[in-house]
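What follows is the content of coords_13.tsv, which has TSV, C-alpha atoms and all ligand atoms:
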chain	number	residue	atom	x	y	z
F	1	MET	CA	196.88	235.21	-20.63
F	2	ARG	CA	200.32	235.16	-19.01
F	3	LYS	CA	201.34	238.36	-17.26
F	4	LEU	CA	202.85	240.88	-19.64
F	5	GLN	CA	206.40	241.97	-18.99
F	6	MET	CA	208.85	244.12	-20.88
F	7	VAL	CA	211.24	241.17	-20.74
F	8	ASP	CA	210.19	237.72	-19.51
F	9	LEU	CA	213.37	236.07	-18.27
F	10	LYS	CA	211.54	233.72	-15.94
F	11	SER	CA	209.56	231.95	-18.66
F	12	GLN	CA	212.71	231.69	-20.73
F	13	TYR	CA	214.61	230.18	-17.80
F	14	GLU	CA	211.86	227.61	-17.14
F	15	LYS	CA	212.49	226.12	-20.58
F	16	ILE	CA	216.26	225.77	-20.22
F	17	LYS	CA	216.41	225.28	-16.49
F	18	ASP	CA	218.09	221.84	-16.49
F	19	THR	CA	220.84	222.93	-18.86
F	20	VAL	CA	221.52	226.17	-17.01
F	21	ASN	CA	221.47	224.53	-13.60
F	22	ALA	CA	223.85	221.77	-14.69
F	23	SER	CA	226.19	224.32	-16.19
F	24	ILE	CA	226.26	226.40	-12.99
F	25	GLN	CA	226.66	223.26	-10.86
F	26	GLU	CA	229.80	222.43	-12.79
F	27	VAL	CA	231.37	225.70	-11.62
F	28	LEU	CA	230.45	224.90	-8.02
F	29	ASP	CA	231.85	221.37	-8.33
F	30	THR	CA	235.13	222.52	-9.82
F	31	ASN	CA	235.59	225.62	-7.61
F	32	THR	CA	236.91	227.68	-10.48
F	33	TYR	CA	235.14	230.95	-9.95
F	34	ILE	CA	237.46	233.27	-11.83
F	35	ASN	CA	238.85	232.50	-15.28
F	36	GLY	CA	237.73	228.92	-15.03
F	37	PRO	CA	237.30	226.50	-17.93
F	38	GLN	CA	233.74	227.82	-18.42
F	39	VAL	CA	235.09	231.25	-19.31
F	40	GLN	CA	237.55	229.80	-21.79
F	41	LYS	CA	234.86	227.60	-23.30
F	42	PHE	CA	232.54	230.57	-23.72
F	43	GLN	CA	235.27	232.66	-25.29
F	44	LYS	CA	235.95	229.96	-27.87
F	45	SER	CA	232.26	229.32	-28.57
F	46	LEU	CA	231.56	233.00	-29.06
F	47	GLU	CA	234.56	233.37	-31.40
F	48	ASP	CA	233.14	230.51	-33.48
F	49	TYR	CA	229.61	231.90	-33.42
F	50	LEU	CA	230.66	235.41	-34.43
F	51	GLY	CA	233.33	234.31	-36.87
F	52	VAL	CA	235.86	236.60	-35.19
F	53	LYS	CA	239.47	235.81	-34.27
F	54	HIS	CA	239.41	237.12	-30.72
F	55	VAL	CA	236.83	237.47	-27.99
F	56	ILE	CA	238.00	239.05	-24.73
F	57	PRO	CA	235.39	238.51	-22.00
F	58	CYS	CA	235.02	241.25	-19.39
F	59	ALA	CA	232.77	242.39	-16.58
F	60	ASN	CA	230.07	244.37	-18.45
F	61	GLY	CA	229.31	246.21	-21.64
F	62	THR	CA	230.37	249.60	-20.36
F	63	ASP	CA	233.79	248.21	-19.42
F	64	ALA	CA	233.99	246.56	-22.84
F	65	LEU	CA	233.62	249.96	-24.53
F	66	GLN	CA	236.09	251.61	-22.17
F	67	ILE	CA	238.70	248.88	-22.55
F	68	ALA	CA	238.32	248.96	-26.34
F	69	MET	CA	239.11	252.68	-26.30
F	70	MET	CA	242.04	252.20	-23.92
F	71	GLY	CA	243.41	249.45	-26.16
F	72	LEU	CA	243.39	251.69	-29.21
F	73	GLY	CA	245.63	254.14	-27.38
F	74	LEU	CA	243.22	257.07	-27.68
F	75	GLU	CA	244.47	260.09	-25.77
F	76	PRO	CA	242.89	263.03	-23.94
F	77	GLY	CA	241.68	265.59	-26.43
F	78	ASP	CA	241.07	263.05	-29.19
F	79	GLU	CA	237.58	263.48	-30.59
F	80	VAL	CA	235.28	260.48	-30.72
F	81	ILE	CA	232.08	260.74	-32.74
F	82	THR	CA	229.02	258.87	-31.53
F	83	ALA	CA	225.23	258.92	-31.73
F	84	ASP	CA	223.13	261.39	-29.79
F	85	PHE	CA	220.36	258.82	-29.47
F	86	THR	CA	221.66	255.87	-27.42
F	87	PHE	CA	222.13	254.64	-23.88
F	88	ALA	CA	224.48	256.90	-21.91
F	89	ALA	CA	227.18	254.23	-21.46
F	90	THR	CA	228.43	254.90	-24.97
F	91	VAL	CA	229.30	258.53	-24.35
F	92	GLU	CA	230.12	258.03	-20.68
F	93	VAL	CA	233.28	256.03	-21.30
F	94	ILE	CA	234.49	258.55	-23.88
F	95	ALA	CA	234.18	261.34	-21.32
F	96	LEU	CA	235.61	259.21	-18.53
F	97	LEU	CA	238.82	258.65	-20.50
F	98	ARG	CA	239.06	262.43	-21.05
F	99	LEU	CA	238.50	261.97	-24.73
F	100	THR	CA	236.18	264.51	-26.31
F	101	PRO	CA	232.74	263.15	-27.15
F	102	VAL	CA	231.24	264.56	-30.32
F	103	LEU	CA	227.55	263.69	-30.38
F	104	VAL	CA	225.85	263.69	-33.75
F	105	ASP	CA	222.29	263.24	-34.97
F	106	VAL	CA	220.79	259.93	-36.10
F	107	GLU	CA	218.80	258.86	-39.16
F	108	MET	CA	215.02	258.87	-38.94
F	109	ASP	CA	214.34	255.53	-40.59
F	110	ASN	CA	216.77	253.33	-38.68
F	111	MET	CA	217.52	255.53	-35.65
F	112	ASN	CA	221.24	254.86	-36.07
F	113	ILE	CA	224.09	257.34	-36.39
F	114	SER	CA	223.71	259.65	-39.37
F	115	ILE	CA	226.32	259.20	-42.05
F	116	GLU	CA	225.98	262.81	-43.19
F	117	ALA	CA	226.33	264.05	-39.61
F	118	ILE	CA	229.50	262.00	-39.12
F	119	LYS	CA	231.03	263.57	-42.22
F	120	LYS	CA	230.20	267.07	-40.99
F	121	ALA	CA	231.64	266.42	-37.54
F	122	ILE	CA	235.09	265.27	-38.62
F	123	THR	CA	237.97	267.57	-37.64
F	124	PRO	CA	241.75	267.04	-37.58
F	125	LYS	CA	241.32	265.84	-33.97
F	126	THR	CA	238.81	263.10	-34.79
F	127	LYS	CA	240.25	259.69	-33.95
F	128	ALA	CA	237.31	257.31	-33.78
F	129	ILE	CA	233.67	256.68	-34.60
F	130	VAL	CA	231.42	254.67	-32.28
F	131	PRO	CA	228.34	253.44	-34.13
F	132	VAL	CA	225.66	251.88	-31.94
F	133	HIS	CA	223.53	249.17	-33.51
F	134	LEU	CA	220.50	250.57	-31.77
F	135	PHE	CA	217.58	248.36	-30.79
F	136	GLY	CA	219.17	245.45	-32.68
F	137	ARG	CA	219.39	247.10	-36.07
F	138	ALA	CA	222.77	247.32	-37.77
F	139	ALA	CA	224.14	250.77	-38.51
F	140	ASN	CA	225.30	251.37	-42.07
F	141	MET	CA	228.72	249.79	-41.65
F	142	ASP	CA	229.73	250.08	-45.32
F	143	ALA	CA	229.42	253.86	-45.21
F	144	ILE	CA	231.03	254.10	-41.77
F	145	MET	CA	234.03	251.98	-42.77
F	146	ASP	CA	234.46	254.08	-45.92
F	147	ILE	CA	234.60	257.29	-43.87
F	148	ALA	CA	236.98	255.68	-41.38
F	149	LYS	CA	239.31	254.57	-44.13
F	150	GLU	CA	239.30	257.95	-45.83
F	151	HIS	CA	240.09	259.81	-42.59
F	152	ASN	CA	242.18	257.15	-40.91
F	153	LEU	CA	239.81	256.65	-37.96
F	154	TYR	CA	239.12	253.73	-35.68
F	155	VAL	CA	235.64	252.22	-35.60
F	156	ILE	CA	234.45	250.86	-32.27
F	157	GLU	CA	231.09	249.12	-32.61
F	158	ASP	CA	228.75	249.32	-29.64
F	159	ASN	CA	227.05	245.99	-30.15
F	160	ALA	CA	225.33	245.79	-26.76
F	161	GLN	CA	221.88	245.63	-28.38
F	162	ALA	CA	222.58	243.64	-31.52
F	163	ILE	CA	224.48	240.45	-30.79
F	164	GLY	CA	223.73	237.91	-33.51
F	165	ALA	CA	222.61	240.49	-36.08
F	166	ASP	CA	224.12	240.16	-39.53
F	167	PHE	CA	225.19	242.94	-41.83
F	168	THR	CA	225.40	242.14	-45.51
F	169	GLY	CA	228.00	244.45	-46.98
F	170	ARG	CA	228.05	245.74	-50.51
F	171	ASP	CA	230.60	243.01	-51.32
F	172	GLY	CA	227.81	240.52	-50.62
F	173	ALA	CA	229.54	239.11	-47.55
F	174	LYS	CA	227.42	238.57	-44.48
F	175	ARG	CA	229.21	239.42	-41.23
F	176	LYS	CA	228.08	239.54	-37.64
F	177	VAL	CA	227.81	243.10	-36.42
F	178	GLY	CA	230.44	243.93	-33.84
F	179	THR	CA	233.11	242.21	-35.96
F	180	ILE	CA	233.21	244.67	-38.85
F	181	GLY	CA	234.96	247.65	-37.25
F	182	HIS	CA	238.41	247.57	-35.62
F	183	VAL	CA	236.86	246.46	-32.37
F	184	GLY	CA	233.40	245.64	-31.05
F	185	ALA	CA	231.95	245.71	-27.55
F	186	THR	CA	228.91	243.92	-26.19
F	187	SER	CA	226.97	243.43	-22.99
F	188	PHE	CA	225.45	240.32	-21.45
F	189	PHE	CA	223.21	242.27	-19.08
F	190	PRO	CA	220.24	239.96	-18.34
F	191	SER	CA	217.78	241.71	-20.66
F	192	LYS	CA	220.10	241.87	-23.68
F	193	ASN	CA	219.59	239.44	-26.57
F	194	LEU	CA	222.24	237.16	-25.05
F	195	GLY	CA	221.95	237.81	-21.34
F	196	CYS	CA	223.58	236.17	-18.34
F	197	TYR	CA	222.19	236.27	-14.79
F	198	GLY	CA	224.24	239.20	-13.58
F	199	ASP	CA	226.70	241.47	-15.35
F	200	GLY	CA	228.93	240.42	-18.21
F	201	GLY	CA	230.48	241.78	-21.38
F	202	ALA	CA	232.97	241.09	-24.13
F	203	ILE	CA	235.20	242.79	-26.65
F	204	PHE	CA	235.80	241.37	-30.14
F	205	THR	CA	238.51	242.00	-32.68
F	206	ASN	CA	240.24	240.37	-35.63
F	207	ASP	CA	243.48	242.24	-34.85
F	208	ASP	CA	246.01	239.98	-33.09
F	209	ASP	CA	248.07	242.81	-31.59
F	210	LEU	CA	245.03	244.66	-30.32
F	211	ALA	CA	243.65	241.45	-28.81
F	212	HIS	CA	246.91	240.97	-26.93
F	213	THR	CA	246.81	244.54	-25.64
F	214	LEU	CA	243.17	244.17	-24.54
F	215	ARG	CA	243.85	240.89	-22.69
F	216	GLY	CA	246.42	242.72	-20.59
F	217	ILE	CA	244.24	245.77	-19.95
F	218	VAL	CA	241.36	243.70	-18.55
F	219	ASN	CA	243.81	242.19	-16.09
F	220	HIS	CA	245.56	245.16	-14.44
F	221	GLY	CA	247.83	245.75	-17.42
F	222	MET	CA	249.63	242.45	-16.79
F	223	TYR	CA	251.11	240.40	-19.61
F	224	VAL	CA	253.52	238.55	-17.33
F	225	ARG	CA	252.34	237.91	-13.79
F	226	TYR	CA	253.09	240.92	-11.53
F	227	HIS	CA	254.65	242.86	-14.37
F	228	HIS	CA	252.36	245.81	-15.09
F	229	ASP	CA	253.24	247.23	-18.49
F	230	VAL	CA	250.27	249.50	-18.99
F	231	VAL	CA	247.58	250.99	-16.76
F	232	GLY	CA	244.78	248.47	-16.78
F	233	VAL	CA	241.57	247.69	-15.01
F	234	ASN	CA	240.04	244.71	-13.25
F	235	SER	CA	237.26	243.55	-15.50
F	236	ARG	CA	236.42	239.86	-15.55
F	237	LEU	CA	233.52	237.72	-16.68
F	238	ASP	CA	233.06	235.37	-13.75
F	239	SER	CA	232.73	231.64	-14.25
F	240	VAL	CA	229.13	231.43	-13.05
F	241	GLN	CA	228.07	233.98	-15.66
F	242	ALA	CA	230.12	232.19	-18.31
F	243	ALA	CA	228.33	228.96	-17.36
F	244	VAL	CA	224.95	230.64	-17.92
F	245	LEU	CA	226.16	232.00	-21.25
F	246	ASN	CA	227.46	228.58	-22.32
F	247	ALA	CA	223.98	227.20	-21.71
F	248	LYS	CA	222.27	230.05	-23.56
F	249	LEU	CA	224.54	230.74	-26.57
F	250	PRO	CA	223.23	227.69	-28.50
F	251	PHE	CA	219.76	229.27	-28.32
F	252	LEU	CA	220.78	232.75	-29.48
F	253	ASP	CA	219.68	232.32	-33.09
F	254	LEU	CA	216.36	230.85	-31.99
F	255	TYR	CA	215.91	233.68	-29.52
F	256	ASN	CA	216.60	236.29	-32.17
F	257	GLU	CA	214.15	234.54	-34.54
F	258	ALA	CA	211.50	234.60	-31.81
F	259	ARG	CA	212.06	238.36	-31.47
F	260	GLN	CA	211.83	238.82	-35.23
F	261	ASN	CA	208.60	236.80	-35.38
F	262	ALA	CA	207.07	238.87	-32.63
F	263	ALA	CA	208.16	242.05	-34.44
F	264	ARG	CA	206.55	240.92	-37.70
F	265	LYS	CA	203.28	240.18	-35.91
F	266	TYR	CA	203.30	243.56	-34.19
F	267	SER	CA	204.04	245.33	-37.46
F	268	LYS	CA	201.30	243.45	-39.30
F	269	GLY	CA	198.85	244.56	-36.63
F	270	PHE	CA	199.85	248.21	-37.03
F	271	GLU	CA	200.15	248.16	-40.82
F	272	GLY	CA	198.92	251.30	-42.54
F	273	HIS	CA	197.90	253.11	-39.35
F	274	LYS	CA	198.22	256.86	-39.83
F	275	ASN	CA	199.59	257.57	-36.35
F	276	ILE	CA	201.98	254.65	-36.04
F	277	ILE	CA	205.33	254.24	-37.74
F	278	THR	CA	206.65	250.71	-37.31
F	279	PRO	CA	210.35	249.88	-37.37
F	280	VAL	CA	211.73	249.28	-40.84
F	281	ILE	CA	212.25	245.55	-41.22
F	282	PRO	CA	214.96	245.03	-43.82
F	283	ASP	CA	214.62	242.28	-46.41
F	284	GLU	CA	214.89	238.81	-44.90
F	285	CYS	CA	215.11	240.54	-41.55
F	286	ASP	CA	218.76	239.58	-41.45
F	287	TRP	CA	220.11	242.71	-39.88
F	288	HIS	CA	217.65	243.46	-37.13
F	289	VAL	CA	217.45	241.33	-34.00
F	290	PHE	CA	214.88	243.48	-32.21
F	291	HIS	CA	216.47	244.13	-28.87
F	292	GLN	CA	213.60	246.60	-28.71
F	293	TYR	CA	210.46	246.93	-30.78
F	294	THR	CA	210.10	250.68	-31.01
F	295	LEU	CA	207.24	252.58	-32.62
F	296	ARG	CA	207.05	256.25	-33.53
F	297	ILE	CA	203.76	257.84	-32.64
F	298	ILE	CA	202.97	260.81	-34.86
F	299	ASP	CA	200.26	263.47	-34.64
F	300	ALA	CA	199.08	261.97	-31.37
F	301	ASN	CA	199.95	262.09	-27.69
F	302	ARG	CA	202.64	259.48	-27.08
F	303	ASP	CA	202.58	259.96	-23.31
F	304	ALA	CA	198.81	259.49	-23.18
F	305	LEU	CA	199.22	256.24	-25.14
F	306	MET	CA	201.76	255.13	-22.57
F	307	ASP	CA	199.31	255.84	-19.74
F	308	HIS	CA	196.57	253.99	-21.63
F	309	LEU	CA	198.77	250.89	-22.05
F	310	GLN	CA	199.98	250.93	-18.48
F	311	ALA	CA	196.41	251.16	-17.22
F	312	LYS	CA	195.73	247.95	-19.13
F	313	GLY	CA	198.69	246.19	-17.52
F	314	ILE	CA	200.94	246.52	-20.56
F	315	PRO	CA	204.44	247.63	-19.67
F	316	CYS	CA	206.13	249.95	-22.14
F	317	ALA	CA	209.12	252.25	-22.05
F	318	ILE	CA	210.63	255.34	-23.62
F	319	TYR	CA	214.07	254.55	-24.97
F	320	TYR	CA	215.33	257.27	-24.79
F	321	PRO	CA	213.50	260.25	-23.31
F	322	ILE	CA	216.33	262.82	-23.44
F	323	PRO	CA	218.92	263.30	-26.19
F	324	LEU	CA	222.44	262.85	-24.84
F	325	HIS	CA	223.45	266.35	-26.00
F	326	SER	CA	220.82	267.74	-23.58
F	327	GLN	CA	221.98	265.68	-20.61
F	328	LYS	CA	223.66	267.78	-17.94
F	329	ALA	CA	226.80	265.64	-17.88
F	330	TYR	CA	227.36	265.98	-21.63
F	331	LEU	CA	226.41	269.60	-22.36
F	332	ASP	CA	228.87	271.26	-24.73
F	333	SER	CA	228.69	274.82	-26.00
F	334	ARG	CA	229.61	273.60	-29.47
F	335	TYR	CA	226.29	271.80	-29.86
F	336	LYS	CA	223.45	273.66	-31.59
F	337	GLU	CA	219.87	272.45	-31.34
F	338	GLU	CA	219.46	272.64	-35.10
F	339	ASP	CA	222.16	270.01	-35.46
F	340	PHE	CA	219.91	267.41	-33.80
F	341	PRO	CA	216.51	267.59	-35.52
F	342	VAL	CA	216.01	263.83	-35.61
F	343	THR	CA	216.93	263.01	-32.02
F	344	ASN	CA	214.93	265.96	-30.78
F	345	GLN	CA	211.90	264.57	-32.63
F	346	LEU	CA	212.46	260.91	-31.73
F	347	VAL	CA	212.55	261.52	-27.98
F	348	LYS	CA	208.98	262.86	-28.27
F	349	GLU	CA	207.67	260.11	-30.56
F	350	VAL	CA	209.20	256.78	-29.58
F	351	ILE	CA	207.63	254.09	-27.47
F	352	SER	CA	208.99	250.56	-26.99
F	353	LEU	CA	206.56	247.68	-26.50
F	354	PRO	CA	207.28	244.44	-24.64
F	355	MET	CA	209.88	242.47	-26.60
F	356	HIS	CA	211.41	239.17	-25.59
F	357	THR	CA	211.69	235.55	-26.58
F	358	GLU	CA	208.55	234.30	-24.86
F	359	LEU	CA	205.82	236.54	-26.32
F	360	ASP	CA	202.86	234.47	-27.54
F	361	ASP	CA	200.17	235.30	-30.08
F	362	GLU	CA	197.57	236.00	-27.42
F	363	GLN	CA	199.82	238.55	-25.74
F	364	ILE	CA	200.80	240.22	-29.01
F	365	SER	CA	197.15	240.48	-30.14
F	366	PHE	CA	196.17	241.99	-26.83
F	367	ILE	CA	198.96	244.55	-27.02
F	368	VAL	CA	198.19	245.43	-30.66
F	369	ASP	CA	194.46	245.77	-29.95
F	370	SER	CA	195.15	247.92	-26.92
F	371	VAL	CA	197.37	250.27	-28.92
F	372	LEU	CA	194.80	250.53	-31.72
F	373	GLU	CA	192.02	251.11	-29.21
F	374	PHE	CA	193.82	254.25	-28.01
F	375	PHE	CA	193.40	255.92	-31.40
F	376	LYS	CA	189.67	255.10	-31.75
Y	401	LIG	C1	223.39	247.98	-22.21
Y	401	LIG	C2	224.19	248.90	-23.05
Y	401	LIG	C3	225.52	249.23	-22.72
Y	401	LIG	C4	226.17	248.87	-21.43
Y	401	LIG	O1	226.15	247.56	-21.05
Y	401	LIG	P1	226.30	247.18	-19.49
Y	401	LIG	O2	226.59	245.73	-19.53
Y	401	LIG	O3	225.00	247.49	-18.86
Y	401	LIG	O4	227.42	247.96	-18.93
Y	401	LIG	C5	226.24	250.01	-23.62
Y	401	LIG	N1	225.69	250.47	-24.73
Y	401	LIG	C6	224.40	250.22	-25.07
Y	401	LIG	C7	223.86	250.77	-26.34
Y	401	LIG	C8	223.61	249.43	-24.23
Y	401	LIG	O5	222.34	249.19	-24.57

Transcribe the structure of this file into structure tokens.
Ligand SMILES: *Cc1c(COP(=O)(O)O)cnc(C)c1O
Amino acid sequence: MRKLQMVDLKSQYEKIKDTVNASIQEVLDTNTYINGPQVQKFQKSLEDYLGVKHVIPCANGTDALQIAMMGLGLEPGDEVITADFTFAATVEVIALLRLTPVLVDVEMDNMNISIEAIKKAITPKTKAIVPVHLFGRAANMDAIMDIAKEHNLYVIEDNAQAIGADFTGRDGAKRKVGTIGHVGATSFFPSKNLGCYGDGGAIFTNDDDLAHTLRGIVNHGMYVRYHHDVVGVNSRLDSVQAAVLNAKLPFLDLYNEARQNAARKYSKGFEGHKNIITPVIPDECDWHVFHQYTLRIIDANRDALMDHLQAKGIPCAIYYPIPLHSQKAYLDSRYKEEDFPVTNQLVKEVISLPMHTELDDEQISFIVDSVLEFFK
């Protein structure tokens, strides 16, 4: 059996090596390291893939979120509602811009931001909602867009874990997540569903004016060379990373299907087990791209299971071990523990198994058997 890894980028690279190498070589041959033709090509290809009017490439997913918020003109004191159960980058940029993060609980079945909790958290100062499509599963965008419309709020989608996932709205239209709100942000960190070989990110929007604003912000607030109209940042996707992404984007759907297939096999193996809750796989699996395959372990010792798996050479991880509202940097006297029953429970129950595009049946069977063995 091949060595088990949380993410197997090496085996994936072996299969596309010639394409990736040729694409990188082109950058070296043309000496266009910043904003070269590869970056423009990637921007266009990603716009086509996502069906969105504008893609603005940038340096990483955290920058993408920050720049999106800067572009919307949010101001210190504005309240931004986001999920308590996510990677810290989401709340970090809100705090960094001196906006006021308002963390709210998530829903047990899909682990995404709770619609009821959003409604309860809205005040006259609320300006935006940041849903995170956690682990590759789309948040309930119909409900979120309804709330946003009613209260005149911006929606900034954190799509770092769900690129390629579809959301079928109640109008029957299928849209790529990240393109449904006013603006979406994603990351091309190597382990993400579409990963480059370093850092990378992008912002998406269908709004022409916002796209123009964002293009200036990523480049020191310049719209005309050496004229700085707004305070910007330096956040670029470099040409080498764009070259890697150009080679990999054509495989994204196949990669997401490979993740979904692995997820189905895992879930079949765990079916009906009294201590294991598998992720909800929606019909047709069209809105979950399994950035992570995350189980809930109930009435059993999750940490002991983790030790058991690690002893057998199976990597696994706890995403996420601490709710954001309990993190030192984001403590706020307004938060009450009873407002976060789901996150407080999830941090004790979740465990993520290896999930990537190269998992084979032998590996999945071994992992499933090893998990089941723990409960015997
Ligand atoms: C990875 C990630 C980010 C940040 O992306 P970077 O490219 O690492 O800056 C933001 N939000 C979520 C939910 C993520 O998983």

Legend entry - For region 120-133 of chain F: contacts at 6 Å, all atoms listed in the file, fewer than 5 positions along chain excluded, given as a ChimeraX atom specification: /F:78-82,138-139,153-159,162

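The space separating CA of Gln66 (chain F) from CA of Ile94 (chain F) comes to 7.3 Å.
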
Inset, instruction - May I have the residues within 9 Å of ligand LIG 401 (chain Y), computed using only C-alpha atoms and all ligand atoms, as a ChimeraX atom specification? - result: /F:59-65,86-91,132-135,158-162,185-192,199-201,291

Legend entry - d(CA of Gly178 (chain F), CA of Leu249 (chain F)) in Å: 16.2 Å

Can you list, as a PDB file with C-alpha atoms, in the frame of the given file, every protein, DNA or RNA residue that comes within 8 Å of Ile314 (chain F) when you count all atoms listed in the file, leaving out same-chain residues fewer than 5 positions away?
ATOM      1  CA  LEU F   4     202.850 240.880 -19.640  1.00  0.00           C
ATOM      2  CA  GLN F   5     206.400 241.970 -18.990  1.00  0.00           C
ATOM      3  CA  LEU F 309     198.770 250.890 -22.050  1.00  0.00           C
ATOM      4  CA  PRO F 354     207.280 244.440 -24.640  1.00  0.00           C
ATOM      5  CA  ILE F 367     198.960 244.550 -27.020  1.00  0.00           C
TER       6      ILE F 367
END

Inset, instruction - Have a look at F:Gln327, F:Gln345, F:Gln43, F:Asn206 and name the one nearest to Ile297 (chain F); count all atoms listed in the file. - result: F:Gln345

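When only C-alpha atoms are used to measure the gap to Leu214 (chain F), the shortest distance among F:Ala300, F:Val347, F:Leu372, F:Val231 belongs to F:Val231.
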
Inset, instruction - Using CA of Met111 (chain F) and CA of Asp361 (chain F) as the two end points, give the distance in Å to one decimal. - result: 27.2 Å

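Distances to Glu338 (chain F) were evaluated for F:Lys274, F:His325, F:Arg215, F:Lys119 using only C-alpha atoms, and the minimum falls at F:His325.
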
Inset, instruction - Compile the contact shell of Val289 (chain F) as JSON, numbers by chain: residues with an atom at most 6 Å away, counting all atoms listed in the file, same-chain residues fewer than 4 positions apart removed. - result: {"F": [136, 165, 256]}

Legend entry - Selected residue, from F:Asp360, F:Lys10, F:Phe85, F:Ser235, that lies nearest to Pro321 (chain F) when counting all atoms listed in the file: F:Phe85

Legend entry - Contacts of Arg236 (chain F) within 8 Å, all atoms listed in the file, excl. fewer than 6 positions in-chain, as a list in words: Ile34, Asn35, Pro57, Cys58, Ala59, Gly200, Val218 and Asn219 of chain F

Inset, instruction - Between F:Leu331, F:Ile277, F:Met108, F:Val224, single out the one closest to Leu346 (chain F), counting only C-alpha atoms. - result: F:Met108

So for region 166-174 of chain F, what box centre and size do we get, axis-aligned, 5 Å extra on each of the six sides, every listed atom, Å to one decimal, as AutoDock Vina command-line options?
--center_x 227.4 --center_y 242.2 --center_z -45.4 --size_x 16.5 --size_y 17.2 --size_z 21.8

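Nearest residue to Glu337 (chain F), choosing from F:Ala202, F:Leu324, F:Asp146, F:Gly51 and counting only C-alpha atoms: F:Leu324.
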
Could you name the residues that touch Ile217 (chain F) at 10 Å or less, counting only C-alpha atoms, but leaving out those on the same chain fewer than 5 positions away, as a compact mmCIF listing (two decimals) with C-alpha atoms, in the coordinates of the input?
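New file result-v4.txt:
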# COMPACT_ATOMS: atom_id res chain seq x y z
CA ILE F 67 238.70 248.88 -22.55
CA ALA F 68 238.32 248.96 -26.34
CA MET F 70 242.04 252.20 -23.92
CA GLY F 71 243.41 249.45 -26.16
CA ALA F 211 243.65 241.45 -28.81
CA HIS F 212 246.91 240.97 -26.93
CA MET F 222 249.63 242.45 -16.79
CA TYR F 223 251.11 240.40 -19.61
CA HIS F 228 252.36 245.81 -15.09
CA ASP F 229 253.24 247.23 -18.49
CA VAL F 230 250.27 249.50 -18.99
CA VAL F 231 247.58 250.99 -16.76
CA GLY F 232 244.78 248.47 -16.78
CA VAL F 233 241.57 247.69 -15.01
CA ASN F 234 240.04 244.71 -13.25
CA SER F 235 237.26 243.55 -15.50

Inset, instruction - Kindly extract all protein, DNA and RNA residues lying within 12 Å of the coordinates (210.7, 244.6, -21.6) given in the file, considering only C-alpha atoms, and supply them as a VMD selection string. - result: chain F and resid 4 to 9 190 to 193 259 290 to 294 314 to 319 351 to 359

From the structure just shown, export region 288-300 of chain F with N, CA and C atoms as a PDB file, in the first residue's frame.
ATOM      1  N   HIS F 288     -20.967  19.587  -2.672  1.00  0.00           N
ATOM      2  CA  HIS F 288     -19.941  19.269  -1.685  1.00  0.00           C
ATOM      3  C   HIS F 288     -18.722  18.758  -2.453  1.00  0.00           C
ATOM      4  N   VAL F 289     -17.602  19.431  -2.295  1.00  0.00           N
ATOM      5  CA  VAL F 289     -16.399  19.006  -3.017  1.00  0.00           C
ATOM      6  C   VAL F 289     -15.323  18.473  -2.059  1.00  0.00           C
ATOM      7  N   PHE F 290     -15.745  18.176  -0.847  1.00  0.00           N
ATOM      8  CA  PHE F 290     -14.901  17.451   0.105  1.00  0.00           C
ATOM      9  C   PHE F 290     -13.459  17.945   0.180  1.00  0.00           C
ATOM     10  N   HIS F 291     -13.325  19.212   0.513  1.00  0.00           N
ATOM     11  CA  HIS F 291     -11.976  19.671   0.861  1.00  0.00           C
ATOM     12  C   HIS F 291     -11.484  18.837   2.044  1.00  0.00           C
ATOM     13  N   GLN F 292     -12.384  18.587   2.975  1.00  0.00           N
ATOM     14  CA  GLN F 292     -12.096  17.657   4.066  1.00  0.00           C
ATOM     15  C   GLN F 292     -13.208  16.630   4.142  1.00  0.00           C
ATOM     16  N   TYR F 293     -12.851  15.431   4.597  1.00  0.00           N
ATOM     17  CA  TYR F 293     -13.864  14.428   4.933  1.00  0.00           C
ATOM     18  C   TYR F 293     -13.864  14.339   6.457  1.00  0.00           C
ATOM     19  N   THR F 294     -14.908  14.882   7.057  1.00  0.00           N
ATOM     20  CA  THR F 294     -14.912  15.074   8.505  1.00  0.00           C
ATOM     21  C   THR F 294     -16.041  14.293   9.169  1.00  0.00           C
ATOM     22  N   LEU F 295     -15.652  13.413  10.079  1.00  0.00           N
ATOM     23  CA  LEU F 295     -16.622  12.624  10.831  1.00  0.00           C
ATOM     24  C   LEU F 295     -16.906  13.300  12.157  1.00  0.00           C
ATOM     25  N   ARG F 296     -18.080  12.982  12.730  1.00  0.00           N
ATOM     26  CA  ARG F 296     -18.323  13.299  14.140  1.00  0.00           C
ATOM     27  C   ARG F 296     -18.318  11.977  14.886  1.00  0.00           C
ATOM     28  N   ILE F 297     -17.573  11.954  15.985  1.00  0.00           N
ATOM     29  CA  ILE F 297     -17.494  10.755  16.798  1.00  0.00           C
ATOM     30  C   ILE F 297     -18.324  10.994  18.056  1.00  0.00           C
ATOM     31  N   ILE F 298     -19.360  10.200  18.237  1.00  0.00           N
ATOM     32  CA  ILE F 298     -20.244  10.453  19.385  1.00  0.00           C
ATOM     33  C   ILE F 298     -20.220   9.280  20.368  1.00  0.00           C
ATOM     34  N   ASP F 299     -20.391   9.638  21.634  1.00  0.00           N
ATOM     35  CA  ASP F 299     -20.365   8.649  22.727  1.00  0.00           C
ATOM     36  C   ASP F 299     -19.117   7.783  22.678  1.00  0.00           C
ATOM     37  N   ALA F 300     -18.016   8.379  22.347  1.00  0.00           N
ATOM     38  CA  ALA F 300     -16.742   7.654  22.304  1.00  0.00           C
ATOM     39  C   ALA F 300     -15.632   8.690  22.401  1.00  0.00           C
TER      40      ALA F 300
END
